[in-house]
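J.: Questions regarding the structure given below will be posed in turn.
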Amino acid sequence: MNKFVRYFSKRSSWSLPYFIFLLLFVVLPLLLIVFYAFRDNQGHFTVDNFVKFVQQKEALNTFIYSVGIAIVTTLLCILFGYPAAYILSNSDFNKSKTTVMLFILPMWVNFLIRTLATVTLFDITGLPLGQGALMFGLTYDFLPFMIYPIYNTMMKIDKSLIEAAQDLGASRAKVFTKVIFPLSLPGVLSGVLMVFLPTISTFAISELLTMNDIQLFGSVIQTYIMQSDTMNYGAALSLIMLLIIGITSLFTGGDAENESPGLI
Amino acid sequence: MKVKFDRIIAKGYLWLLLLVLYTPIIIIAIFSFTETKVLGNWTGFSLNLYKNIFVGDASGSMLSAIKNTLIIAIIAAIVSTVLGSFSAIGIYNLKNRHRKAITFLNSIPMINPDIITGISLFLLFVWLGVSQGYTTVILAHISFCTPYVVLSVMPRLTGMNQNIYEAALDLGATPFQALTKVIIPEIKPGIVSGFILSFTLSIDDFAVSLFTKGNIGLETLSTYIYSDARKGGLTPELRALSTLVFVVVLALLLVINLRAERQAKREQERAAVLKIKK
């Protein structure tokens, strides 16, 4: 007991309970995805789940379609979000923190509610639900997640660099292409991470926006994993998604600081 | 002249975007004050949808969903805050390499999409053979809330003068007294922000709850909305409910942001005072 007290009077040891918690509730569950992905119903090792994924066109096609949708959504978010972030961060155009907050607030509103709200919009205007609605809804849902990191990065740009460029005679367009744009790219990468990953893994949004017509990969995973006889196949599909996430994170060099939608 | 024109275009673009972002939410809010089944069809002002949440036909399941959401959020936020704050102090005092390792682990739940967090925890509970329900949802929520508490307490620790703790010990305080009298008051703003953040995240969660709630009929607000929306068409009462949720989340966010702003101001003042004293 005494030893116990002495051990925990050292402050560095206070992280130990959380370390164990992280191992149990973060690391182990991720390993279990791998574990179940290579298992059949009887609990024997197998790679059949992956063979099935390639041979049965259904899941594979949904997968490719989902990646496509995610790419288009990400591009649309950059297209609409980048100018917004630029305007928000430029003191010539915007000095108010409230406007910035208005753009970031939707990040925190339950995306189910936001999706249903978009469905409502389509209902009222009489536009049909379907692929178009899906693209609109996804862009609508994830746009703040693109604006926020780009805005953040732009705000961190050393203002003296911009002033120096202006002093040396660069026009506003030149300042943008030679200074601001290159320095804002890390923010775009974070934004890509924050939009692409959730879009590729989304599952409820597509069902609501297309009246169950279009299923994305996330929905397919959900259907398989919730049934005990297809759970292993579901785990294999999750592992494939996990790989995509890992590759994207590595590729964009994700740093958590920029991604966490913290305070403004 | 050209700059002025630019400004109009820029402002106009921002407002247009905001309009698109908020119109759907506003439509839902407006139509929560009329009883129509079909949206866009105003049938007169009425507060019945709000009343029906509490006394209508579906009120039983709706109220229990609200109750579950709140209970889960409160427990998850309290546990995450305590766990996260203590761990932040611990992590801050760790050696570089260990610190990096645990910071990396801490960032995984924040990077992982919800569905992966949900599925991986679902598999954990299946593997352990525990039946899923209240406890599993709360554990799952703790696991994705705590990293945010660590993240909001950490800057307070880094910004704190490390000598005060040592000074307290030198003056005869026990480590426990030094903790409660020195460290905790210093990092309190971070702890409070962490708590509110966890609470908001927990209320807002959908995917993780869906995968860990099991099939004993436990519903939180978002899983309830989901199952209702899936049946096609939204129960009119859910418009009122969504509006309520939106207003509550909005209020919480305003509180968080105002607090952060006030703190920044206070710190500036404190820095100014210190400068004068010097």
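Identifiers in this document derive from the order of the structure tokens: chains are assigned A, B, ..., residues are numbered from 1 separately in each chain, and ligands are numbered from 1 in order of occurrence.
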For range 200-212 of chain A, please output as a PDB file with N, CA and C atoms, in the first residue's frame all residues within 7 Å (counting only C-alpha atoms; exclusion window: fewer than 4 positions along the same chain).

T.:
```
ATOM      1  N   SER A  66     -17.861   5.133 -53.381  1.00  0.00           N
ATOM      2  CA  SER A  66     -17.710   5.977 -52.194  1.00  0.00           C
ATOM      3  C   SER A  66     -16.450   6.817 -52.261  1.00  0.00           C
ATOM      4  N   VAL A  67     -15.351   6.185 -52.727  1.00  0.00           N
ATOM      5  CA  VAL A  67     -14.104   6.945 -52.847  1.00  0.00           C
ATOM      6  C   VAL A  67     -14.309   8.097 -53.825  1.00  0.00           C
ATOM      7  N   ALA A  70     -16.335  10.770 -52.228  1.00  0.00           N
ATOM      8  CA  ALA A  70     -15.528  11.475 -51.226  1.00  0.00           C
ATOM      9  C   ALA A  70     -14.569  12.451 -51.896  1.00  0.00           C
ATOM     10  N   THR A 115     -28.340  17.148 -41.842  1.00  0.00           N
ATOM     11  CA  THR A 115     -28.714  16.410 -43.033  1.00  0.00           C
ATOM     12  C   THR A 115     -30.221  16.444 -43.234  1.00  0.00           C
ATOM     13  N   VAL A 119     -32.514  17.774 -46.357  1.00  0.00           N
ATOM     14  CA  VAL A 119     -33.612  17.030 -46.968  1.00  0.00           C
ATOM     15  C   VAL A 119     -34.843  17.926 -47.035  1.00  0.00           C
ATOM     16  N   LEU A 129     -34.645  14.072 -54.544  1.00  0.00           N
ATOM     17  CA  LEU A 129     -33.528  13.529 -53.776  1.00  0.00           C
ATOM     18  C   LEU A 129     -32.803  12.513 -54.645  1.00  0.00           C
ATOM     19  N   GLY A 130     -31.505  12.385 -54.455  1.00  0.00           N
ATOM     20  CA  GLY A 130     -30.726  11.459 -55.276  1.00  0.00           C
ATOM     21  C   GLY A 130     -29.276  11.848 -55.219  1.00  0.00           C
ATOM     22  N   GLN A 131     -28.551  11.502 -56.291  1.00  0.00           N
ATOM     23  CA  GLN A 131     -27.110  11.754 -56.266  1.00  0.00           C
ATOM     24  C   GLN A 131     -26.788  13.242 -56.102  1.00  0.00           C
ATOM     25  N   ALA A 133     -28.609  15.551 -54.608  1.00  0.00           N
ATOM     26  CA  ALA A 133     -28.867  15.910 -53.218  1.00  0.00           C
ATOM     27  C   ALA A 133     -27.747  15.391 -52.324  1.00  0.00           C
ATOM     28  N   LEU A 134     -27.264  14.201 -52.637  1.00  0.00           N
ATOM     29  CA  LEU A 134     -26.188  13.614 -51.842  1.00  0.00           C
ATOM     30  C   LEU A 134     -24.937  14.486 -51.881  1.00  0.00           C
ATOM     31  N   PHE A 196     -12.273  14.377 -46.295  1.00  0.00           N
ATOM     32  CA  PHE A 196     -12.212  13.118 -47.032  1.00  0.00           C
ATOM     33  C   PHE A 196     -12.498  11.911 -46.127  1.00  0.00           C
ATOM     34  N   LEU A 216     -23.540   4.086 -49.424  1.00  0.00           N
ATOM     35  CA  LEU A 216     -22.099   4.284 -49.435  1.00  0.00           C
ATOM     36  C   LEU A 216     -21.433   3.165 -48.632  1.00  0.00           C
ATOM     37  N   PHE A 217     -20.094   3.126 -48.740  1.00  0.00           N
ATOM     38  CA  PHE A 217     -19.340   2.033 -48.145  1.00  0.00           C
ATOM     39  C   PHE A 217     -19.627   1.883 -46.645  1.00  0.00           C
ATOM     40  N   GLY A 218     -19.763   3.027 -45.965  1.00  0.00           N
ATOM     41  CA  GLY A 218     -20.045   2.996 -44.535  1.00  0.00           C
ATOM     42  C   GLY A 218     -21.318   2.222 -44.218  1.00  0.00           C
ATOM     43  N   SER A 219     -22.351   2.429 -45.020  1.00  0.00           N
ATOM     44  CA  SER A 219     -23.613   1.718 -44.798  1.00  0.00           C
ATOM     45  C   SER A 219     -23.430   0.222 -44.996  1.00  0.00           C
TER      46      SER A 219
ATOM     47  N   PRO B 113     -12.320   8.410 -37.857  1.00  0.00           N
ATOM     48  CA  PRO B 113     -13.729   8.724 -38.099  1.00  0.00           C
ATOM     49  C   PRO B 113     -14.597   7.963 -37.094  1.00  0.00           C
ATOM     50  N   ILE B 115     -17.135   6.165 -37.331  1.00  0.00           N
ATOM     51  CA  ILE B 115     -17.573   4.802 -37.633  1.00  0.00           C
ATOM     52  C   ILE B 115     -16.498   3.798 -37.228  1.00  0.00           C
ATOM     53  N   ARG B 230     -35.303   7.100 -40.858  1.00  0.00           N
ATOM     54  CA  ARG B 230     -35.131   5.974 -41.775  1.00  0.00           C
ATOM     55  C   ARG B 230     -36.456   5.403 -42.229  1.00  0.00           C
TER      56      ARG B 230
END
```

J.: Using only C-alpha atoms, tabulate the residues of range 149-260 of chain A lying at most 10 Å from any atom of range 140-145 of chain A, each with its closest atom pair and that distance in Å to one decimal, by chain and increasing residue number, as CSV.

T.:
```
residue,atom,partner,partner_atom,distance
A:Pro149,CA,A:Phe145,CA,7.1
A:Ile150,CA,A:Phe145,CA,9.1
A:Ser190,CA,A:Phe145,CA,9.2
A:Gly191,CA,A:Phe145,CA,6.3
A:Val192,CA,A:Phe145,CA,8.8
A:Leu193,CA,A:Phe145,CA,9.3
A:Met194,CA,A:Phe145,CA,6.1
A:Val195,CA,A:Phe142,CA,5.9
A:Phe196,CA,A:Phe142,CA,9.1
A:Pro198,CA,A:Phe142,CA,8.5
A:Thr199,CA,A:Phe142,CA,8.0
A:Ile205,CA,A:Asp141,CA,9.2
A:Glu259,CA,A:Phe145,CA,8.6
A:Ser260,CA,A:Phe145,CA,9.8
```

J.: Have a look at B:Ala240, B:Ser227, B:Thr36, B:Ile72 and name the one nearest to Thr135 in chain B; count only C-alpha atoms.

T.: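 Checking each of B:Ala240, B:Ser227, B:Thr36, B:Ile72 against Thr135 in chain B, counting only C-alpha atoms, the winner is B:Ile72.
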
J.: For chain B, which residues have at least one atom within 6 Å of chain A, if we go by only C-alpha atoms? Write them as an mmCIF file with all heavy atoms, in the first residue's frame, please.

T.:
```cif
data_model
loop_
_atom_site.group_PDB
_atom_site.id
_atom_site.type_symbol
_atom_site.label_atom_id
_atom_site.label_comp_id
_atom_site.auth_asym_id
_atom_site.auth_seq_id
_atom_site.Cartn_x
_atom_site.Cartn_y
_atom_site.Cartn_z
ATOM 1 N N ARG B 7 -14.338 44.394 -51.988
ATOM 2 C CA ARG B 7 -14.887 44.162 -50.659
ATOM 3 C C ARG B 7 -16.346 43.748 -50.735
ATOM 4 O O ARG B 7 -16.795 42.867 -50.008
ATOM 5 C CB ARG B 7 -14.735 45.427 -49.815
ATOM 6 C CG ARG B 7 -14.832 45.147 -48.343
ATOM 7 C CD ARG B 7 -14.497 46.371 -47.532
ATOM 8 N NE ARG B 7 -13.100 46.749 -47.685
ATOM 9 C CZ ARG B 7 -12.602 47.875 -47.185
ATOM 10 N NH1 ARG B 7 -13.369 48.719 -46.534
ATOM 11 N NH2 ARG B 7 -11.328 48.165 -47.350
ATOM 12 N N PRO B 24 -31.401 25.799 -44.115
ATOM 13 C CA PRO B 24 -32.099 24.580 -43.726
ATOM 14 C C PRO B 24 -32.429 24.533 -42.242
ATOM 15 O O PRO B 24 -33.550 24.165 -41.865
ATOM 16 C CB PRO B 24 -31.096 23.475 -44.068
ATOM 17 C CG PRO B 24 -30.196 24.061 -45.072
ATOM 18 C CD PRO B 24 -30.103 25.501 -44.736
ATOM 19 N N ILE B 25 -31.472 24.962 -41.410
ATOM 20 C CA ILE B 25 -31.709 24.918 -39.971
ATOM 21 C C ILE B 25 -32.841 25.872 -39.596
ATOM 22 O O ILE B 25 -33.718 25.537 -38.794
ATOM 23 C CB ILE B 25 -30.419 25.293 -39.213
ATOM 24 C CG1 ILE B 25 -29.314 24.294 -39.574
ATOM 25 C CG2 ILE B 25 -30.656 25.309 -37.718
ATOM 26 C CD1 ILE B 25 -27.954 24.677 -39.094
ATOM 27 N N GLY B 40 -43.329 23.137 -45.560
ATOM 28 C CA GLY B 40 -43.599 24.153 -46.566
ATOM 29 C C GLY B 40 -45.064 24.513 -46.596
ATOM 30 O O GLY B 40 -45.486 25.360 -47.353
ATOM 31 N N SER B 87 -4.535 12.892 -16.141
ATOM 32 C CA SER B 87 -3.577 12.370 -17.125
ATOM 33 C C SER B 87 -2.772 13.493 -17.740
ATOM 34 O O SER B 87 -1.575 13.329 -17.984
ATOM 35 C CB SER B 87 -4.293 11.630 -18.238
ATOM 36 O OG SER B 87 -5.324 10.885 -17.706
ATOM 37 N N GLY B 90 -0.060 14.245 -15.533
ATOM 38 C CA GLY B 90 0.912 13.154 -15.643
ATOM 39 C C GLY B 90 1.720 13.247 -16.925
ATOM 40 O O GLY B 90 2.952 13.191 -16.901
ATOM 41 N N ILE B 91 1.012 13.414 -18.044
ATOM 42 C CA ILE B 91 1.694 13.450 -19.344
ATOM 43 C C ILE B 91 2.672 14.619 -19.386
ATOM 44 O O ILE B 91 3.787 14.499 -19.884
ATOM 45 C CB ILE B 91 0.652 13.586 -20.487
ATOM 46 C CG1 ILE B 91 -0.208 12.340 -20.565
ATOM 47 C CG2 ILE B 91 1.352 13.814 -21.823
ATOM 48 C CD1 ILE B 91 -1.423 12.468 -21.454
ATOM 49 N N ASN B 93 4.390 15.824 -17.091
ATOM 50 C CA ASN B 93 5.599 15.551 -16.319
ATOM 51 C C ASN B 93 6.372 14.339 -16.821
ATOM 52 O O ASN B 93 7.314 13.895 -16.180
ATOM 53 C CB ASN B 93 5.241 15.357 -14.842
ATOM 54 C CG ASN B 93 4.901 16.684 -14.192
ATOM 55 O OD1 ASN B 93 5.767 17.521 -13.985
ATOM 56 N ND2 ASN B 93 3.623 16.902 -13.923
ATOM 57 N N LEU B 94 5.932 13.781 -17.937
ATOM 58 C CA LEU B 94 6.631 12.603 -18.470
ATOM 59 C C LEU B 94 7.890 13.014 -19.219
ATOM 60 O O LEU B 94 8.019 14.141 -19.680
ATOM 61 C CB LEU B 94 5.713 11.843 -19.429
ATOM 62 C CG LEU B 94 4.733 10.845 -18.835
ATOM 63 C CD1 LEU B 94 3.895 10.257 -19.961
ATOM 64 C CD2 LEU B 94 5.441 9.755 -18.078
ATOM 65 N N PRO B 113 -12.320 8.410 -37.857
ATOM 66 C CA PRO B 113 -13.729 8.724 -38.099
ATOM 67 C C PRO B 113 -14.597 7.963 -37.094
ATOM 68 O O PRO B 113 -14.222 6.886 -36.623
ATOM 69 C CB PRO B 113 -13.967 8.185 -39.505
ATOM 70 C CG PRO B 113 -12.634 8.055 -40.122
ATOM 71 C CD PRO B 113 -11.682 7.785 -39.004
ATOM 72 N N SER B 120 -14.746 -0.457 -33.847
ATOM 73 C CA SER B 120 -13.679 -1.082 -33.072
ATOM 74 C C SER B 120 -14.149 -1.342 -31.636
ATOM 75 O O SER B 120 -13.874 -2.400 -31.074
ATOM 76 C CB SER B 120 -12.417 -0.217 -33.100
ATOM 77 O OG SER B 120 -12.632 0.994 -32.453
ATOM 78 N N LEU B 121 -14.893 -0.418 -31.062
ATOM 79 C CA LEU B 121 -15.389 -0.639 -29.702
ATOM 80 C C LEU B 121 -16.463 -1.719 -29.685
ATOM 81 O O LEU B 121 -16.517 -2.540 -28.770
ATOM 82 C CB LEU B 121 -15.941 0.670 -29.118
ATOM 83 C CG LEU B 121 -14.857 1.669 -28.718
ATOM 84 C CD1 LEU B 121 -15.442 3.047 -28.489
ATOM 85 C CD2 LEU B 121 -14.118 1.204 -27.468
ATOM 86 N N LEU B 124 -14.700 -4.843 -29.608
ATOM 87 C CA LEU B 124 -14.122 -5.060 -28.275
ATOM 88 C C LEU B 124 -15.156 -5.667 -27.342
ATOM 89 O O LEU B 124 -14.889 -6.662 -26.654
ATOM 90 C CB LEU B 124 -13.611 -3.739 -27.688
ATOM 91 C CG LEU B 124 -13.091 -3.827 -26.247
ATOM 92 C CD1 LEU B 124 -11.731 -4.494 -26.200
ATOM 93 C CD2 LEU B 124 -13.020 -2.455 -25.593
ATOM 94 N N ASP B 204 -23.799 15.186 -28.955
ATOM 95 C CA ASP B 204 -23.800 15.269 -30.403
ATOM 96 C C ASP B 204 -23.532 13.931 -31.076
ATOM 97 O O ASP B 204 -23.807 13.751 -32.249
ATOM 98 C CB ASP B 204 -22.722 16.268 -30.822
ATOM 99 C CG ASP B 204 -23.089 16.973 -32.094
ATOM 100 O OD1 ASP B 204 -24.285 17.198 -32.276
ATOM 101 O OD2 ASP B 204 -22.197 17.270 -32.882
#
```

J.: Which residues are near Ser80 in chain B? Cut-off 10 Å, only C-alpha atoms, ignore same chain within fewer than 4 positions. Put them as number ranges by chain.

T.: B: 74-76, 84-86, 139, 141-150, 194-195, 198-199

J.: Please run DSSP on the backbone and report, as a compact mmCIF listing (two decimals) with N, CA and C atoms, in the first residue's frame, all residues within range 127-228 of chain A that come out as alpha helix (DSSP H).

T.:
```
# COMPACT_ATOMS: atom_id res chain seq x y z
N GLN A 131 -28.55 11.50 -56.29
CA GLN A 131 -27.11 11.75 -56.27
C GLN A 131 -26.79 13.24 -56.10
N GLY A 132 -27.57 14.11 -56.77
CA GLY A 132 -27.34 15.54 -56.66
C GLY A 132 -27.52 16.01 -55.23
N ALA A 133 -28.61 15.55 -54.61
CA ALA A 133 -28.87 15.91 -53.22
C ALA A 133 -27.75 15.39 -52.32
N LEU A 134 -27.26 14.20 -52.64
CA LEU A 134 -26.19 13.61 -51.84
C LEU A 134 -24.94 14.49 -51.88
N MET A 135 -24.56 14.91 -53.10
CA MET A 135 -23.38 15.75 -53.23
C MET A 135 -23.56 17.07 -52.49
N PHE A 136 -24.76 17.66 -52.67
CA PHE A 136 -25.03 18.92 -51.99
C PHE A 136 -24.97 18.73 -50.48
N GLY A 137 -25.64 17.69 -49.99
CA GLY A 137 -25.70 17.44 -48.55
C GLY A 137 -24.33 17.22 -47.94
N LEU A 138 -23.51 16.42 -48.62
CA LEU A 138 -22.18 16.14 -48.09
C LEU A 138 -21.33 17.41 -48.05
N THR A 139 -21.37 18.17 -49.15
CA THR A 139 -20.60 19.41 -49.18
C THR A 139 -21.10 20.35 -48.09
N TYR A 140 -22.42 20.43 -47.96
CA TYR A 140 -23.03 21.27 -46.94
C TYR A 140 -22.57 20.84 -45.55
N ASP A 141 -22.57 19.53 -45.29
CA ASP A 141 -22.20 19.02 -43.97
C ASP A 141 -20.73 19.27 -43.64
N PHE A 142 -19.86 19.15 -44.64
CA PHE A 142 -18.44 19.14 -44.32
C PHE A 142 -17.71 20.44 -44.66
N LEU A 143 -18.42 21.39 -45.28
CA LEU A 143 -17.76 22.64 -45.64
C LEU A 143 -17.06 23.34 -44.46
N PRO A 144 -17.72 23.45 -43.29
CA PRO A 144 -17.03 24.12 -42.17
C PRO A 144 -15.72 23.43 -41.79
N PHE A 145 -15.65 22.12 -41.99
CA PHE A 145 -14.44 21.37 -41.64
C PHE A 145 -13.30 21.67 -42.60
N MET A 146 -13.63 22.22 -43.77
CA MET A 146 -12.57 22.63 -44.69
C MET A 146 -12.17 24.08 -44.40
N ILE A 147 -13.17 24.92 -44.13
CA ILE A 147 -12.88 26.34 -43.89
C ILE A 147 -12.01 26.52 -42.65
N TYR A 148 -12.36 25.80 -41.58
CA TYR A 148 -11.68 26.03 -40.30
C TYR A 148 -10.17 25.85 -40.36
N PRO A 149 -9.64 24.70 -40.80
CA PRO A 149 -8.18 24.56 -40.81
C PRO A 149 -7.48 25.52 -41.77
N ILE A 150 -8.10 25.81 -42.93
CA ILE A 150 -7.46 26.73 -43.87
C ILE A 150 -7.39 28.13 -43.25
N TYR A 151 -8.51 28.54 -42.64
CA TYR A 151 -8.55 29.84 -41.98
C TYR A 151 -7.47 29.92 -40.89
N ASN A 152 -7.40 28.85 -40.10
CA ASN A 152 -6.42 28.78 -39.02
C ASN A 152 -5.01 28.96 -39.52
N THR A 153 -4.67 28.24 -40.60
CA THR A 153 -3.32 28.33 -41.15
C THR A 153 -3.05 29.72 -41.70
N MET A 154 -4.06 30.30 -42.36
CA MET A 154 -3.86 31.63 -42.94
C MET A 154 -3.66 32.67 -41.85
N MET A 155 -4.35 32.51 -40.72
CA MET A 155 -4.20 33.47 -39.64
C MET A 155 -2.79 33.40 -39.05
N LYS A 156 -2.16 32.23 -39.16
CA LYS A 156 -0.84 32.05 -38.56
C LYS A 156 0.27 32.56 -39.47
N LYS A 159 2.46 38.19 -40.80
CA LYS A 159 1.95 39.33 -41.58
C LYS A 159 3.10 40.12 -42.21
N SER A 160 4.27 40.08 -41.58
CA SER A 160 5.38 40.88 -42.12
C SER A 160 5.82 40.35 -43.49
N LEU A 161 5.58 39.05 -43.73
CA LEU A 161 5.90 38.49 -45.05
C LEU A 161 5.04 39.16 -46.12
N ILE A 162 3.74 39.29 -45.79
CA ILE A 162 2.81 39.90 -46.75
C ILE A 162 3.19 41.37 -46.96
N GLU A 163 3.50 42.07 -45.85
CA GLU A 163 3.89 43.48 -45.96
C GLU A 163 5.16 43.63 -46.78
N ALA A 164 6.10 42.72 -46.55
CA ALA A 164 7.36 42.78 -47.30
C ALA A 164 7.09 42.66 -48.80
N ALA A 165 6.22 41.71 -49.15
CA ALA A 165 5.89 41.51 -50.56
C ALA A 165 5.24 42.77 -51.14
N GLN A 166 4.33 43.36 -50.35
CA GLN A 166 3.67 44.59 -50.81
C GLN A 166 4.68 45.72 -50.97
N ASP A 167 5.59 45.85 -50.01
CA ASP A 167 6.62 46.90 -50.08
C ASP A 167 7.48 46.74 -51.32
N ARG A 172 -1.86 42.66 -55.33
CA ARG A 172 -2.59 41.78 -54.44
C ARG A 172 -2.61 40.34 -54.98
N ALA A 173 -2.77 40.21 -56.29
CA ALA A 173 -2.79 38.88 -56.89
C ALA A 173 -1.45 38.19 -56.71
N LYS A 174 -0.36 38.93 -56.90
CA LYS A 174 0.98 38.39 -56.72
C LYS A 174 1.21 37.95 -55.28
N VAL A 175 0.78 38.82 -54.33
CA VAL A 175 0.94 38.48 -52.91
C VAL A 175 0.24 37.16 -52.64
N PHE A 181 -0.86 31.72 -50.84
CA PHE A 181 -1.27 30.39 -51.31
C PHE A 181 -0.29 29.28 -50.89
N PRO A 182 1.03 29.46 -51.16
CA PRO A 182 1.94 28.38 -50.76
C PRO A 182 1.93 28.12 -49.25
N LEU A 183 1.82 29.21 -48.46
CA LEU A 183 1.86 29.04 -47.02
C LEU A 183 0.55 28.48 -46.46
N SER A 184 -0.52 28.51 -47.27
CA SER A 184 -1.80 28.01 -46.75
C SER A 184 -1.99 26.54 -47.06
N LEU A 185 -1.08 25.97 -47.86
CA LEU A 185 -1.28 24.57 -48.27
C LEU A 185 -1.37 23.56 -47.12
N PRO A 186 -0.58 23.72 -46.04
CA PRO A 186 -0.75 22.78 -44.93
C PRO A 186 -2.18 22.77 -44.40
N GLY A 187 -2.82 23.94 -44.39
CA GLY A 187 -4.21 24.02 -43.94
C GLY A 187 -5.13 23.26 -44.88
N VAL A 188 -4.86 23.36 -46.19
CA VAL A 188 -5.67 22.63 -47.16
C VAL A 188 -5.53 21.12 -46.92
N LEU A 189 -4.29 20.69 -46.64
CA LEU A 189 -4.08 19.27 -46.38
C LEU A 189 -4.87 18.81 -45.16
N SER A 190 -4.83 19.60 -44.08
CA SER A 190 -5.61 19.25 -42.90
C SER A 190 -7.08 19.19 -43.24
N GLY A 191 -7.53 20.16 -44.04
CA GLY A 191 -8.92 20.20 -44.45
C GLY A 191 -9.31 18.96 -45.23
N VAL A 192 -8.42 18.56 -46.16
CA VAL A 192 -8.67 17.35 -46.94
C VAL A 192 -8.86 16.16 -46.01
N LEU A 193 -7.99 16.08 -45.00
CA LEU A 193 -8.07 14.99 -44.02
C LEU A 193 -9.40 15.02 -43.29
N MET A 194 -9.83 16.25 -42.93
CA MET A 194 -11.05 16.37 -42.12
C MET A 194 -12.31 16.18 -42.93
N VAL A 195 -12.22 16.33 -44.24
CA VAL A 195 -13.40 16.14 -45.08
C VAL A 195 -13.41 14.76 -45.72
N PHE A 196 -12.27 14.38 -46.30
CA PHE A 196 -12.21 13.12 -47.03
C PHE A 196 -12.50 11.91 -46.13
N LEU A 197 -11.84 11.89 -44.96
CA LEU A 197 -12.01 10.71 -44.08
C LEU A 197 -13.44 10.51 -43.59
N PRO A 198 -14.08 11.56 -43.06
CA PRO A 198 -15.46 11.33 -42.64
C PRO A 198 -16.39 11.05 -43.82
N THR A 199 -16.13 11.66 -44.99
CA THR A 199 -17.05 11.44 -46.12
C THR A 199 -16.97 10.00 -46.58
N ILE A 200 -15.74 9.47 -46.64
CA ILE A 200 -15.61 8.11 -47.13
C ILE A 200 -16.25 7.13 -46.16
N ALA A 204 -24.97 7.35 -42.51
CA ALA A 204 -26.38 7.70 -42.37
C ALA A 204 -26.80 8.75 -43.41
N ILE A 205 -25.87 9.65 -43.72
CA ILE A 205 -26.20 10.77 -44.59
C ILE A 205 -26.76 10.31 -45.93
N SER A 206 -26.06 9.32 -46.55
CA SER A 206 -26.46 8.91 -47.89
C SER A 206 -27.86 8.31 -47.90
N GLU A 207 -28.17 7.55 -46.85
CA GLU A 207 -29.50 6.92 -46.82
C GLU A 207 -30.60 7.97 -46.74
N LEU A 208 -30.34 9.01 -45.94
CA LEU A 208 -31.37 10.02 -45.75
C LEU A 208 -31.54 10.90 -47.00
N LEU A 209 -30.42 11.17 -47.67
CA LEU A 209 -30.48 12.12 -48.79
C LEU A 209 -30.92 11.47 -50.10
N PHE A 217 -20.09 3.13 -48.74
CA PHE A 217 -19.34 2.03 -48.15
C PHE A 217 -19.63 1.88 -46.64
N GLY A 218 -19.76 3.03 -45.97
CA GLY A 218 -20.05 3.00 -44.54
C GLY A 218 -21.32 2.22 -44.22
N SER A 219 -22.35 2.43 -45.02
CA SER A 219 -23.61 1.72 -44.80
C SER A 219 -23.43 0.22 -45.00
N VAL A 220 -22.64 -0.14 -46.03
CA VAL A 220 -22.40 -1.56 -46.30
C VAL A 220 -21.71 -2.19 -45.09
N ILE A 221 -20.69 -1.53 -44.58
CA ILE A 221 -19.98 -2.05 -43.40
C ILE A 221 -20.94 -2.22 -42.25
N GLN A 222 -21.76 -1.20 -42.04
CA GLN A 222 -22.70 -1.24 -40.92
C GLN A 222 -23.62 -2.45 -41.03
N THR A 223 -24.16 -2.67 -42.25
CA THR A 223 -25.08 -3.78 -42.44
C THR A 223 -24.41 -5.11 -42.11
N TYR A 224 -23.17 -5.29 -42.59
CA TYR A 224 -22.51 -6.58 -42.37
C TYR A 224 -22.08 -6.78 -40.92
N ILE A 225 -21.54 -5.72 -40.31
CA ILE A 225 -20.92 -5.92 -39.00
C ILE A 225 -21.95 -6.12 -37.90
```

J.: Would you mind listing what lies within 7 Å of range 243-251 of chain B as a compact mmCIF listing (two decimals) with all heavy atoms, in the first residue's frame, with only C-alpha atoms counted and same-chain residues fewer than 3 positions away left out?

T.:
```txt
# COMPACT_ATOMS: atom_id res chain seq x y z
N VAL A 109 -23.11 21.24 -34.73
CA VAL A 109 -24.51 20.84 -34.73
C VAL A 109 -24.58 19.43 -35.29
O VAL A 109 -24.00 19.13 -36.33
CB VAL A 109 -25.35 21.79 -35.60
CG1 VAL A 109 -26.78 21.34 -35.61
CG2 VAL A 109 -25.23 23.20 -35.09
N ALA B 29 -36.50 25.24 -37.82
CA ALA B 29 -36.90 25.98 -36.63
C ALA B 29 -38.25 26.66 -36.85
O ALA B 29 -39.14 26.59 -36.00
CB ALA B 29 -35.84 27.01 -36.27
N THR B 200 -20.73 18.42 -24.82
CA THR B 200 -21.26 18.71 -26.16
C THR B 200 -20.99 17.55 -27.11
O THR B 200 -21.88 17.12 -27.85
CB THR B 200 -20.61 19.99 -26.73
OG1 THR B 200 -20.42 20.91 -25.68
CG2 THR B 200 -21.45 20.60 -27.80
N ARG B 239 -39.08 18.03 -35.42
CA ARG B 239 -38.64 19.38 -35.78
C ARG B 239 -38.47 20.22 -34.53
O ARG B 239 -37.47 20.94 -34.38
CB ARG B 239 -39.68 20.04 -36.71
CG ARG B 239 -39.86 19.32 -38.03
CD ARG B 239 -40.49 20.26 -39.05
NE ARG B 239 -41.85 20.66 -38.69
CZ ARG B 239 -42.94 20.01 -39.11
NH1 ARG B 239 -42.85 18.95 -39.88
NH2 ARG B 239 -44.13 20.44 -38.77
N ALA B 240 -39.42 20.10 -33.62
CA ALA B 240 -39.32 20.84 -32.36
C ALA B 240 -38.11 20.35 -31.56
O ALA B 240 -37.34 21.15 -31.03
CB ALA B 240 -40.60 20.65 -31.55
N LEU B 254 -21.64 29.13 -27.28
CA LEU B 254 -21.45 30.54 -26.96
C LEU B 254 -20.74 30.67 -25.63
O LEU B 254 -19.81 31.46 -25.47
CB LEU B 254 -22.81 31.25 -26.93
CG LEU B 254 -23.33 31.65 -28.30
CD1 LEU B 254 -24.72 32.25 -28.18
CD2 LEU B 254 -22.38 32.66 -28.94
N VAL B 255 -21.18 29.87 -24.65
CA VAL B 255 -20.55 29.92 -23.33
C VAL B 255 -19.06 29.61 -23.44
O VAL B 255 -18.21 30.35 -22.94
CB VAL B 255 -21.23 28.93 -22.36
CG1 VAL B 255 -20.45 28.83 -21.06
CG2 VAL B 255 -22.65 29.37 -22.08
```
